[in-house]
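What follows is a single structure, written as structure tokens, with notes after it.
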Amino acid sequence: MSIPATQMRPGMIIKHNDQLHLVFSVEHRTPGNLRAFIQAKLKNVRTGAMFVERFRSPDPSTASRWTRSRWSTCYNDGDDFYFMDESFEQTVLKRDTLGDAVEYLTSNLSINVSFHDGKPVGIELPTFVEMTVMKTEPGIKSATASSVSKPATVETGLVVQVPAFINEGEKIRVDTAKAPT
């Protein structure tokens, strides 16, 4: 279905340059003496790359039909990640489809899986994920008020910065929107 760029909304999946993209944000810009345009922040569904694209107001975009449903993480087998829904139906997503999200996938994590034409094309992680610290330096008890941090490796292999008082075996909340440093 073809729609003008002025009707794009965040959360839509559109076809742009023969690839599927998720629309993150849309702004209508009218700079001084130039023509108005639509500036959209898009995420490539296949690669996960984010970029900003400008559309003229009458430019047609192709809106794609897609569905989203709730799934739980089961397990991974190398590059294959298995998910299950409430009806015990399973689906498999490849590592390259998931991108950086694999760093946050713990067992029994509840996520949203997006489908396009019956094929899974991506996932939406929760804002925070609880993970167990597997490896870090010993904690310092009196360091609760300082801003000192140290690297810690969690159960998925992701390395995050944690406060100095955190020890191995403790659970921490990791923000999935922030990239690890």
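Residue numbering restarts at 1 for every chain of the structure tokens, chains are lettered A, B, ... in their displayed order, and ligands are numbered from 1 as they appear.
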Query raised in the report: Can you list, as an MDAnalysis selection string, every protein, DNA or RNA residue that comes within 12 Å of range 13-27 of chain A when you count only C-alpha atoms, leaving out same-chain residues fewer than 2 positions away?
Result: chainID A and resid 1:11 29:30 36:57 59:68 114:117 121:124
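When the distance limit is 7 Å and only C-alpha atoms are what count, the residues near Ile172 in chain A, minus those fewer than 2 positions from it on the same chain, are Glu130, Met131, Thr132, Glu170 and Val174 of chain A.
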Next, dump the selected residues to file, keeping only C-alpha atoms, as an mmCIF file, in the first residue's frame.
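out.cif, written as the output of this step:
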data_model
loop_
_atom_site.group_PDB
_atom_site.id
_atom_site.type_symbol
_atom_site.label_atom_id
_atom_site.label_comp_id
_atom_site.auth_asym_id
_atom_site.auth_seq_id
_atom_site.Cartn_x
_atom_site.Cartn_y
_atom_site.Cartn_z
ATOM 1 C CA GLU A 130 18.201 -8.763 34.836
ATOM 2 C CA MET A 131 21.523 -10.552 34.375
ATOM 3 C CA THR A 132 23.936 -12.411 36.636
ATOM 4 C CA GLU A 170 24.986 -10.975 41.984
ATOM 5 C CA VAL A 174 21.170 -3.759 32.446
#
Report task. May I have all residues of range 50-172 of chain A that DSSP, computed from the backbone, assigns to helix (DSSP H, G or I), given as a ChimeraX atom specification? Result -> /A:95-104
Query raised in the report: If we count only C-alpha atoms, what is near Val129 in chain A at a cut-off of 7 Å, once residues fewer than 6 positions away on the same chain are taken out, given as a list of chain:residue names?
Result: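 Result of the neighbour search: A:Tyr104, A:Arg173, A:Val174, A:Asp175, A:Thr176.
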Output file for the selection above: N, CA and C atoms, as an mmCIF file, in the first residue's frame:
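Ended up saving to selection-v3.cif:
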data_model
loop_
_atom_site.group_PDB
_atom_site.id
_atom_site.type_symbol
_atom_site.label_atom_id
_atom_site.label_comp_id
_atom_site.auth_asym_id
_atom_site.auth_seq_id
_atom_site.Cartn_x
_atom_site.Cartn_y
_atom_site.Cartn_z
ATOM 1 N N TYR A 104 21.726 -9.418 25.073
ATOM 2 C CA TYR A 104 20.780 -9.234 26.173
ATOM 3 C C TYR A 104 19.798 -10.398 26.325
ATOM 4 N N ARG A 173 20.666 -5.031 36.915
ATOM 5 C CA ARG A 173 19.746 -4.623 35.863
ATOM 6 C C ARG A 173 20.540 -3.884 34.792
ATOM 7 N N VAL A 174 20.432 -4.356 33.559
ATOM 8 C CA VAL A 174 21.170 -3.759 32.446
ATOM 9 C C VAL A 174 20.184 -3.046 31.549
ATOM 10 N N ASP A 175 20.477 -1.786 31.222
ATOM 11 C CA ASP A 175 19.646 -0.993 30.316
ATOM 12 C C ASP A 175 19.946 -1.418 28.886
ATOM 13 N N THR A 176 18.938 -1.930 28.164
ATOM 14 C CA THR A 176 19.163 -2.429 26.802
ATOM 15 C C THR A 176 19.285 -1.312 25.775
#
Query - Contacts of Asn76 in chain A at 10 Å (only C-alpha atoms; same-chain gap of 6+ positions) as number ranges by chain - result: A: 82-83, 92-95, 102, 105-107
Write a file of the selected residues as a PDB file, in the first residue's frame, keeping all heavy atoms.
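Output file selection23.pdb is given in full below:
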ATOM      1  N   TYR A  82      16.168 -19.711  19.575  1.00  0.00           N
ATOM      2  CA  TYR A  82      14.828 -20.287  19.572  1.00  0.00           C
ATOM      3  C   TYR A  82      13.927 -19.535  20.547  1.00  0.00           C
ATOM      4  O   TYR A  82      14.321 -19.253  21.681  1.00  0.00           O
ATOM      5  CB  TYR A  82      14.883 -21.770  19.955  1.00  0.00           C
ATOM      6  CG  TYR A  82      15.618 -22.598  18.928  1.00  0.00           C
ATOM      7  CD1 TYR A  82      17.001 -22.707  18.943  1.00  0.00           C
ATOM      8  CD2 TYR A  82      14.917 -23.250  17.924  1.00  0.00           C
ATOM      9  CE1 TYR A  82      17.676 -23.454  17.990  1.00  0.00           C
ATOM     10  CE2 TYR A  82      15.577 -24.006  16.962  1.00  0.00           C
ATOM     11  CZ  TYR A  82      16.957 -24.098  17.002  1.00  0.00           C
ATOM     12  OH  TYR A  82      17.617 -24.831  16.057  1.00  0.00           O
ATOM     13  N   PHE A  83      12.699 -19.238  20.089  1.00  0.00           N
ATOM     14  CA  PHE A  83      11.709 -18.522  20.884  1.00  0.00           C
ATOM     15  C   PHE A  83      10.402 -19.307  20.873  1.00  0.00           C
ATOM     16  O   PHE A  83      10.110 -20.028  19.928  1.00  0.00           O
ATOM     17  CB  PHE A  83      11.467 -17.125  20.305  1.00  0.00           C
ATOM     18  CG  PHE A  83      12.709 -16.286  20.245  1.00  0.00           C
ATOM     19  CD1 PHE A  83      13.507 -16.263  19.117  1.00  0.00           C
ATOM     20  CD2 PHE A  83      13.086 -15.520  21.337  1.00  0.00           C
ATOM     21  CE1 PHE A  83      14.649 -15.501  19.061  1.00  0.00           C
ATOM     22  CE2 PHE A  83      14.236 -14.755  21.298  1.00  0.00           C
ATOM     23  CZ  PHE A  83      15.019 -14.744  20.155  1.00  0.00           C
ATOM     24  N   VAL A  92      12.589 -19.638  15.007  1.00  0.00           N
ATOM     25  CA  VAL A  92      14.042 -19.518  15.065  1.00  0.00           C
ATOM     26  C   VAL A  92      14.454 -18.223  14.379  1.00  0.00           C
ATOM     27  O   VAL A  92      13.971 -17.903  13.294  1.00  0.00           O
ATOM     28  CB  VAL A  92      14.725 -20.704  14.347  1.00  0.00           C
ATOM     29  CG1 VAL A  92      16.232 -20.570  14.386  1.00  0.00           C
ATOM     30  CG2 VAL A  92      14.288 -22.017  14.942  1.00  0.00           C
ATOM     31  N   LEU A  93      15.350 -17.475  15.028  1.00  0.00           N
ATOM     32  CA  LEU A  93      15.930 -16.281  14.424  1.00  0.00           C
ATOM     33  C   LEU A  93      17.438 -16.439  14.390  1.00  0.00           C
ATOM     34  O   LEU A  93      18.036 -16.928  15.339  1.00  0.00           O
ATOM     35  CB  LEU A  93      15.559 -15.025  15.222  1.00  0.00           C
ATOM     36  CG  LEU A  93      14.110 -14.574  15.123  1.00  0.00           C
ATOM     37  CD1 LEU A  93      13.830 -13.451  16.112  1.00  0.00           C
ATOM     38  CD2 LEU A  93      13.796 -14.099  13.723  1.00  0.00           C
ATOM     39  N   LYS A  94      18.040 -16.018  13.307  1.00  0.00           N
ATOM     40  CA  LYS A  94      19.489 -16.081  13.144  1.00  0.00           C
ATOM     41  C   LYS A  94      20.150 -14.910  13.850  1.00  0.00           C
ATOM     42  O   LYS A  94      19.547 -13.854  14.039  1.00  0.00           O
ATOM     43  CB  LYS A  94      19.864 -16.049  11.659  1.00  0.00           C
ATOM     44  CG  LYS A  94      19.334 -17.210  10.860  1.00  0.00           C
ATOM     45  CD  LYS A  94      20.184 -18.403  11.089  1.00  0.00           C
ATOM     46  CE  LYS A  94      19.756 -19.556  10.198  1.00  0.00           C
ATOM     47  NZ  LYS A  94      20.343 -20.788  10.596  1.00  0.00           N
ATOM     48  N   ARG A  95      21.416 -15.086  14.228  1.00  0.00           N
ATOM     49  CA  ARG A  95      22.201 -14.049  14.899  1.00  0.00           C
ATOM     50  C   ARG A  95      22.253 -12.764  14.076  1.00  0.00           C
ATOM     51  O   ARG A  95      22.134 -11.669  14.618  1.00  0.00           O
ATOM     52  CB  ARG A  95      23.613 -14.553  15.187  1.00  0.00           C
ATOM     53  CG  ARG A  95      24.488 -13.553  15.918  1.00  0.00           C
ATOM     54  CD  ARG A  95      25.877 -14.091  16.170  1.00  0.00           C
ATOM     55  NE  ARG A  95      25.882 -15.189  17.116  1.00  0.00           N
ATOM     56  CZ  ARG A  95      25.966 -15.045  18.433  1.00  0.00           C
ATOM     57  NH1 ARG A  95      26.048 -13.847  18.958  1.00  0.00           N
ATOM     58  NH2 ARG A  95      25.970 -16.097  19.222  1.00  0.00           N
ATOM     59  N   VAL A 102      21.426  -9.947  20.741  1.00  0.00           N
ATOM     60  CA  VAL A 102      21.810 -11.254  21.297  1.00  0.00           C
ATOM     61  C   VAL A 102      22.569 -11.097  22.611  1.00  0.00           C
ATOM     62  O   VAL A 102      22.564 -12.003  23.437  1.00  0.00           O
ATOM     63  CB  VAL A 102      22.654 -12.097  20.308  1.00  0.00           C
ATOM     64  CG1 VAL A 102      21.871 -12.413  19.062  1.00  0.00           C
ATOM     65  CG2 VAL A 102      23.949 -11.419  19.969  1.00  0.00           C
ATOM     66  N   LEU A 105      19.896 -11.422  25.475  1.00  0.00           N
ATOM     67  CA  LEU A 105      18.927 -12.523  25.487  1.00  0.00           C
ATOM     68  C   LEU A 105      19.280 -13.562  26.545  1.00  0.00           C
ATOM     69  O   LEU A 105      20.186 -14.362  26.371  1.00  0.00           O
ATOM     70  CB  LEU A 105      18.851 -13.185  24.109  1.00  0.00           C
ATOM     71  CG  LEU A 105      18.275 -12.326  22.997  1.00  0.00           C
ATOM     72  CD1 LEU A 105      18.320 -13.080  21.677  1.00  0.00           C
ATOM     73  CD2 LEU A 105      16.861 -11.888  23.314  1.00  0.00           C
ATOM     74  N   THR A 106      18.539 -13.541  27.634  1.00  0.00           N
ATOM     75  CA  THR A 106      18.688 -14.539  28.687  1.00  0.00           C
ATOM     76  C   THR A 106      17.516 -15.514  28.574  1.00  0.00           C
ATOM     77  O   THR A 106      16.524 -15.224  27.908  1.00  0.00           O
ATOM     78  CB  THR A 106      18.677 -13.881  30.083  1.00  0.00           C
ATOM     79  OG1 THR A 106      17.443 -13.179  30.250  1.00  0.00           O
ATOM     80  CG2 THR A 106      19.839 -12.916  30.246  1.00  0.00           C
ATOM     81  N   SER A 107      17.606 -16.668  29.215  1.00  0.00           N
ATOM     82  CA  SER A 107      16.520 -17.645  29.108  1.00  0.00           C
ATOM     83  C   SER A 107      15.254 -17.112  29.775  1.00  0.00           C
ATOM     84  O   SER A 107      15.308 -16.402  30.770  1.00  0.00           O
ATOM     85  CB  SER A 107      16.931 -18.977  29.735  1.00  0.00           C
ATOM     86  OG  SER A 107      17.225 -18.798  31.093  1.00  0.00           O
TER      87      SER A 107
END
Requested in this report: May I have all residues of range 7-179 of chain A that DSSP, computed from the backbone, assigns to strand (DSSP E or B), given as a ChimeraX atom specification?
Outcome: /A:13-16,19-29,37-44,50-56,60-63,66-77,80-84,90-94,110-116,119-124,128-136,149-154,159-163,171-175
Report summary line: Atom pair CA of Phe81 in chain A + CA of Val162 in chain A, distance 27.5 Å
